[in-house]
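Structure data (mmCIF, C-alpha atoms) from start20.cif:
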data_upload
loop_
_atom_site.group_PDB
_atom_site.id
_atom_site.type_symbol
_atom_site.label_atom_id
_atom_site.label_comp_id
_atom_site.auth_asym_id
_atom_site.auth_seq_id
_atom_site.Cartn_x
_atom_site.Cartn_y
_atom_site.Cartn_z
ATOM 1 C CA MET A 1 -1.270 16.012 -22.536
ATOM 2 C CA MET A 2 2.195 16.486 -21.076
ATOM 3 C CA ARG A 3 2.483 16.595 -17.291
ATOM 4 C CA LEU A 4 3.973 19.662 -15.614
ATOM 5 C CA SER A 5 6.976 17.649 -14.441
ATOM 6 C CA ASP A 6 7.644 16.380 -17.985
ATOM 7 C CA ARG A 7 7.498 19.921 -19.347
ATOM 8 C CA LEU A 8 9.845 21.132 -16.612
ATOM 9 C CA ILE A 9 12.401 18.428 -17.404
ATOM 10 C CA GLN A 10 12.101 19.280 -21.108
ATOM 11 C CA LEU A 11 12.805 22.935 -20.312
ATOM 12 C CA ALA A 12 15.615 22.357 -17.824
ATOM 13 C CA CYS A 13 17.568 19.471 -19.325
ATOM 14 C CA ASP A 14 19.347 18.618 -22.545
ATOM 15 C CA PRO A 15 16.642 18.520 -25.269
ATOM 16 C CA GLU A 16 18.132 15.313 -26.652
ATOM 17 C CA ARG A 17 17.885 13.528 -23.283
ATOM 18 C CA TRP A 18 14.609 14.751 -21.795
ATOM 19 C CA GLU A 19 12.499 11.851 -23.128
ATOM 20 C CA GLU A 20 14.980 9.368 -21.695
ATOM 21 C CA LEU A 21 14.946 11.129 -18.316
ATOM 22 C CA VAL A 22 11.137 11.283 -18.188
ATOM 23 C CA GLY A 23 10.897 7.612 -19.145
ATOM 24 C CA ASP A 24 13.395 6.587 -16.486
ATOM 25 C CA LEU A 25 11.627 8.654 -13.818
ATOM 26 C CA THR A 26 8.231 7.207 -14.799
ATOM 27 C CA GLU A 27 9.526 3.640 -14.647
ATOM 28 C CA LEU A 28 11.215 4.275 -11.309
ATOM 29 C CA GLY A 29 8.000 5.782 -9.931
ATOM 30 C CA GLN A 30 5.929 2.756 -10.980
ATOM 31 C CA ARG A 31 8.363 0.303 -9.388
ATOM 32 C CA ARG A 32 8.509 2.404 -6.241
ATOM 33 C CA ALA A 33 4.687 2.644 -5.999
ATOM 34 C CA ALA A 34 4.433 -1.152 -6.054
ATOM 35 C CA ARG A 35 7.077 -1.394 -3.345
ATOM 36 C CA ILE A 36 6.317 1.483 -0.942
ATOM 37 C CA GLY A 37 2.824 2.693 -1.875
ATOM 38 C CA ALA A 38 1.522 5.451 -4.108
ATOM 39 C CA THR A 39 1.715 8.370 -1.676
ATOM 40 C CA ARG A 40 5.322 7.793 -0.619
ATOM 41 C CA ALA A 41 6.311 7.068 -4.226
ATOM 42 C CA LYS A 42 4.756 10.367 -5.329
ATOM 43 C CA LEU A 43 6.797 12.238 -2.728
ATOM 44 C CA ARG A 44 10.012 10.503 -3.794
ATOM 45 C CA GLN A 45 9.141 11.246 -7.452
ATOM 46 C CA GLY A 46 9.015 14.950 -6.621
ATOM 47 C CA TRP A 47 12.477 14.794 -5.061
ATOM 48 C CA ASP A 48 13.764 12.884 -8.099
ATOM 49 C CA ILE A 49 12.411 15.566 -10.458
ATOM 50 C CA LEU A 50 14.034 18.300 -8.374
ATOM 51 C CA SER A 51 17.336 16.415 -8.382
ATOM 52 C CA VAL A 52 17.300 15.782 -12.141
ATOM 53 C CA CYS A 53 16.465 19.404 -12.915
ATOM 54 C CA VAL A 54 19.308 20.665 -10.722
ATOM 55 C CA ARG A 55 21.957 18.092 -11.685
ATOM 56 C CA GLN A 56 21.130 17.790 -15.368
ATOM 57 C CA SER A 57 20.376 21.472 -15.968
ATOM 58 C CA ARG A 58 21.532 22.715 -19.334
ATOM 59 C CA PHE A 59 21.764 26.266 -18.003
ATOM 60 C CA ARG A 60 25.145 27.491 -16.807
ATOM 61 C CA ASP A 61 23.995 30.997 -15.940
ATOM 62 C CA ALA A 62 23.374 31.256 -12.171
ATOM 63 C CA ASP A 63 20.126 33.237 -12.584
ATOM 64 C CA LEU A 64 18.642 30.693 -15.004
ATOM 65 C CA ARG A 65 19.690 27.862 -12.682
ATOM 66 C CA ARG A 66 17.815 29.587 -9.838
ATOM 67 C CA VAL A 67 14.691 29.782 -12.018
ATOM 68 C CA VAL A 68 14.993 26.059 -12.810
ATOM 69 C CA ILE A 69 15.435 25.234 -9.111
ATOM 70 C CA ALA A 70 12.397 27.367 -8.214
ATOM 71 C CA LEU A 71 10.273 25.660 -10.884
ATOM 72 C CA ALA A 72 11.444 22.234 -9.752
ATOM 73 C CA ALA A 73 10.690 23.088 -6.117
ATOM 74 C CA GLY A 74 7.196 24.212 -7.182
ATOM 75 C CA THR A 75 6.702 20.904 -8.957
ATOM 76 C CA LEU A 76 7.768 19.088 -5.794
ATOM 77 C CA LEU A 77 5.253 21.063 -3.737
ATOM 78 C CA ALA A 78 2.535 20.305 -6.311
ATOM 79 C CA ALA A 79 3.368 16.597 -5.986
ATOM 80 C CA LEU A 80 2.746 16.836 -2.236
ATOM 81 C CA LEU A 81 -0.728 18.320 -2.618
ATOM 82 C CA PRO A 82 -3.565 15.798 -2.647
ATOM 83 C CA ASP A 83 -5.212 15.148 -5.998
ATOM 84 C CA PRO A 84 -8.693 16.744 -5.709
ATOM 85 C CA GLY A 85 -10.202 14.094 -7.982
ATOM 86 C CA ALA A 86 -8.643 11.163 -6.146
ATOM 87 C CA THR A 87 -10.651 8.937 -3.882
ATOM 88 C CA SER A 88 -9.365 7.694 -0.574
ATOM 89 C CA ALA A 89 -6.602 5.150 -1.012
ATOM 90 C CA SER A 90 -7.496 3.462 2.298
ATOM 91 C CA PHE A 91 -10.050 0.685 2.502
ATOM 92 C CA VAL A 92 -10.962 -2.441 4.412
ATOM 93 C CA VAL A 93 -11.682 -5.842 2.897
ATOM 94 C CA ASN A 94 -13.842 -8.264 4.866
ATOM 95 C CA ALA A 95 -13.651 -11.816 3.535
ATOM 96 C CA LYS A 96 -14.998 -15.211 4.523
ATOM 97 C CA ASP A 97 -14.153 -18.743 3.465
ATOM 98 C CA PRO A 98 -14.795 -22.214 5.000
ATOM 99 C CA ALA A 99 -12.103 -21.635 7.666
ATOM 100 C CA GLY A 100 -13.712 -18.401 8.887
ATOM 101 C CA GLU A 101 -13.484 -14.665 8.463
ATOM 102 C CA PHE A 102 -10.535 -12.372 7.918
ATOM 103 C CA THR A 103 -10.162 -8.638 7.487
ATOM 104 C CA LEU A 104 -7.461 -6.675 5.689
ATOM 105 C CA GLU A 105 -6.782 -2.958 6.016
ATOM 106 C CA ILE A 106 -5.127 -1.551 2.884
ATOM 107 C CA GLU A 107 -3.594 1.922 2.629
ATOM 108 C CA ASP A 108 -2.082 3.209 -0.628
ATOM 109 C CA GLY A 109 -1.830 -0.339 -1.937
ATOM 110 C CA ARG A 110 -0.015 -1.566 1.182
ATOM 111 C CA LEU A 111 -1.301 -4.075 3.720
ATOM 112 C CA VAL A 112 -1.200 -2.276 7.073
ATOM 113 C CA SER A 113 -3.124 -4.672 9.303
ATOM 114 C CA ALA A 114 -5.010 -7.943 9.270
ATOM 115 C CA MET A 115 -7.379 -9.863 11.526
ATOM 116 C CA ILE A 116 -8.195 -13.550 11.331
ATOM 117 C CA ASP A 117 -11.318 -14.695 13.190
ATOM 118 C CA GLY A 118 -11.337 -11.439 15.158
ATOM 119 C CA THR A 119 -7.706 -11.707 16.286
ATOM 120 C CA HIS A 120 -5.140 -9.174 15.132
ATOM 121 C CA VAL A 121 -2.234 -10.602 13.161
ATOM 122 C CA SER A 122 1.176 -9.325 14.284
ATOM 123 C CA HIS A 123 3.002 -7.126 11.761
ATOM 124 C CA ASP A 124 5.954 -9.502 11.530
ATOM 125 C CA ARG A 125 3.582 -12.076 9.970
ATOM 126 C CA LEU A 126 2.404 -9.661 7.234
ATOM 127 C CA LYS A 127 4.475 -9.793 4.052
ATOM 128 C CA GLN A 128 3.923 -7.972 0.772
ATOM 129 C CA HIS A 129 5.645 -7.938 -2.577
ATOM 130 C CA GLY A 130 3.807 -5.729 -5.060
ATOM 131 C CA ASP A 131 0.196 -6.961 -5.257
ATOM 132 C CA ARG A 132 0.999 -10.266 -3.506
ATOM 133 C CA LEU A 133 0.132 -10.369 0.173
ATOM 134 C CA THR A 134 1.108 -13.192 2.523
ATOM 135 C CA ILE A 135 -0.038 -13.786 6.065
ATOM 136 C CA VAL A 136 2.533 -16.173 7.500
ATOM 137 C CA GLY A 137 0.691 -19.036 9.192
ATOM 138 C CA GLY A 138 -2.648 -17.493 8.239
ATOM 139 C CA ASP A 139 -4.086 -20.895 7.232
ATOM 140 C CA GLY A 140 -3.239 -22.956 10.264
ATOM 141 C CA ASP A 141 0.343 -24.035 9.694
ATOM 142 C CA ARG A 142 0.360 -22.832 6.045
ATOM 143 C CA ASP A 143 0.674 -19.268 4.751
ATOM 144 C CA LEU A 144 -2.397 -17.474 3.438
ATOM 145 C CA SER A 145 -1.520 -16.010 0.014
ATOM 146 C CA ILE A 146 -3.671 -13.174 -1.289
ATOM 147 C CA GLU A 147 -3.606 -11.229 -4.549
ATOM 148 C CA LEU A 148 -4.679 -7.595 -4.334
ATOM 149 C CA GLN A 149 -6.664 -6.363 -7.365
ATOM 150 C CA GLY A 150 -7.651 -2.752 -6.843
ATOM 151 C CA ARG A 151 -10.204 -2.856 -4.030
ATOM 152 C CA GLU A 152 -10.773 -6.597 -4.399
ATOM 153 C CA ILE A 153 -8.748 -9.631 -3.405
ATOM 154 C CA ARG A 154 -8.266 -13.189 -4.650
ATOM 155 C CA TRP A 155 -7.109 -16.110 -2.575
ATOM 156 C CA GLU A 156 -7.419 -19.873 -2.421
ATOM 157 C CA ALA A 157 -10.129 -20.730 0.088
ATOM 158 C CA ARG A 158 -8.841 -22.217 3.316
ATOM 159 C CA ALA A 159 -10.155 -25.566 4.490
ATOM 160 C CA PRO A 160 -12.438 -25.576 7.531
ATOM 161 C CA HIS A 161 -10.647 -26.131 10.866
#
Kindly transcribe the structure held in the file into structure tokens.
Amino acid sequence: MMRLSDRLIQLACDPERWEELVGDLTELGQRRAARIGATRAKLRQGWDILSVCVRQSRFRDADLRRVVIALAAGTLLAALLPDPGATSASFVVNAKDPAGEFTLEIEDGRLVSAMIDGTHVSHDRLKQHGDRLTIVGGDGDRDLSIELQGREIRWEARAPH
């Protein structure tokens, strides 16, 4: 089934280019979600759709352009509304290995805070690239590297202190 935004782009833009535009926007959205999180990426996707529909509009008549802008703005507003079937994108992972316990707070696929042995880790020590999380110095003098897999994590167990 075609999404509302895809249908809008098909209506508003050159019929020979709409598939290309939808594909580009989808790819951009996926890369953005990995980088900035799903919620922010969804908001930016709405702005991108609005921009494409206005800038690439095949309609030259001012009244038709206004209709396209109104439809695109409606699509943007729909993108901002929470998905009623979606579950909360925030969760906490509590983990333990031979070196002790650590806790990660994840929001929209982004690491927002961490604790190691009950001590908060400063934000400047938290690094993320896609699904790869790194706590700088999280394993004594070495970095703790973690792979995020949905609501689960994988990491190489730290040696006991």
Q) What do you get, as number ranges by chain, if you spell out every residue that the PyMOL selection byres ((chain A and resi 40) around 12) selects here? A) A: 29-39, 41-47, 79-80, 107-110
Q.
Between A:Ala73, A:Leu144, A:Leu8, A:Ile153, which residue has the minimum interatomic distance to A:Ile116, considering only C-alpha atoms?
A.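 Checking each candidate against A:Ile116, we get A:Leu144 as the closest.
Of the residues under consideration (A:Trp155, A:Phe91, A:Leu111, A:Asp6), A:Asp6 shows the shortest atom-to-atom contact distance to A:Leu25 when counting all atoms listed in the file.
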Q: Choose the residue, out of A:Ala12, A:Val92, A:Leu104, A:Leu4, that has the smallest atom-to-atom separation from A:Leu64; count only C-alpha atoms.
A: A:Ala12
Q.
Report, in Å with one decimal, the straight-line distance from atom CA of A:Ile106 to atom CA of A:Arg151.
A. 8.7 Å
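Compared by their closest atoms to A:Val52, and using only C-alpha atoms, the residues A:Ile9, A:Ala70, A:Leu28, A:Val93 rank with A:Ile9 nearest.
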Q: Just say which residues the PyMOL selection byres ((chain A and resi 159) around 7) picks in this file, as a PyMOL selection string.
A: chain A and resi 98-99+157-158+160-161
Listing only residues of stretch 17-129 of chain A within 8 Å of stretch 136-141 of chain A, what is the closest atom pair and its distance in Å (to one decimal) for each, using all atoms listed in the file, sorted by chain and residue number ascending, as a tab-separated table?
residue	atom	partner	partner_atom	distance
A:Ile116	CA	A:Gly138	CA	7.5
A:Arg125	CA	A:Val136	CA	4.9
A:Leu126	CA	A:Val136	CA	6.5
A:Lys127	CA	A:Val136	CA	7.5
Q | Interatomic distance (Å, one decimal) between atom CA of A:Ile135 and atom CA of A:His123 | A | 9.3 Å
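Restricting the calculation to all atoms listed in the file, the smallest distance between A:Gln128 and any of A:Glu147, A:Asp97, A:Val68, A:Arg142 is found for A:Glu147.
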Q) Between atom CA of A:Arg65 and atom CA of A:Glu20, what is the spacing in Å? A)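 For atom CA of A:Glu20 relative to atom CA of A:Arg65, the distance reads 21.1 Å.
When all atoms listed in the file are used to measure the gap to A:Ser57, the shortest distance among A:Asp14, A:Glu19, A:Glu27, A:Glu156 belongs to A:Asp14.
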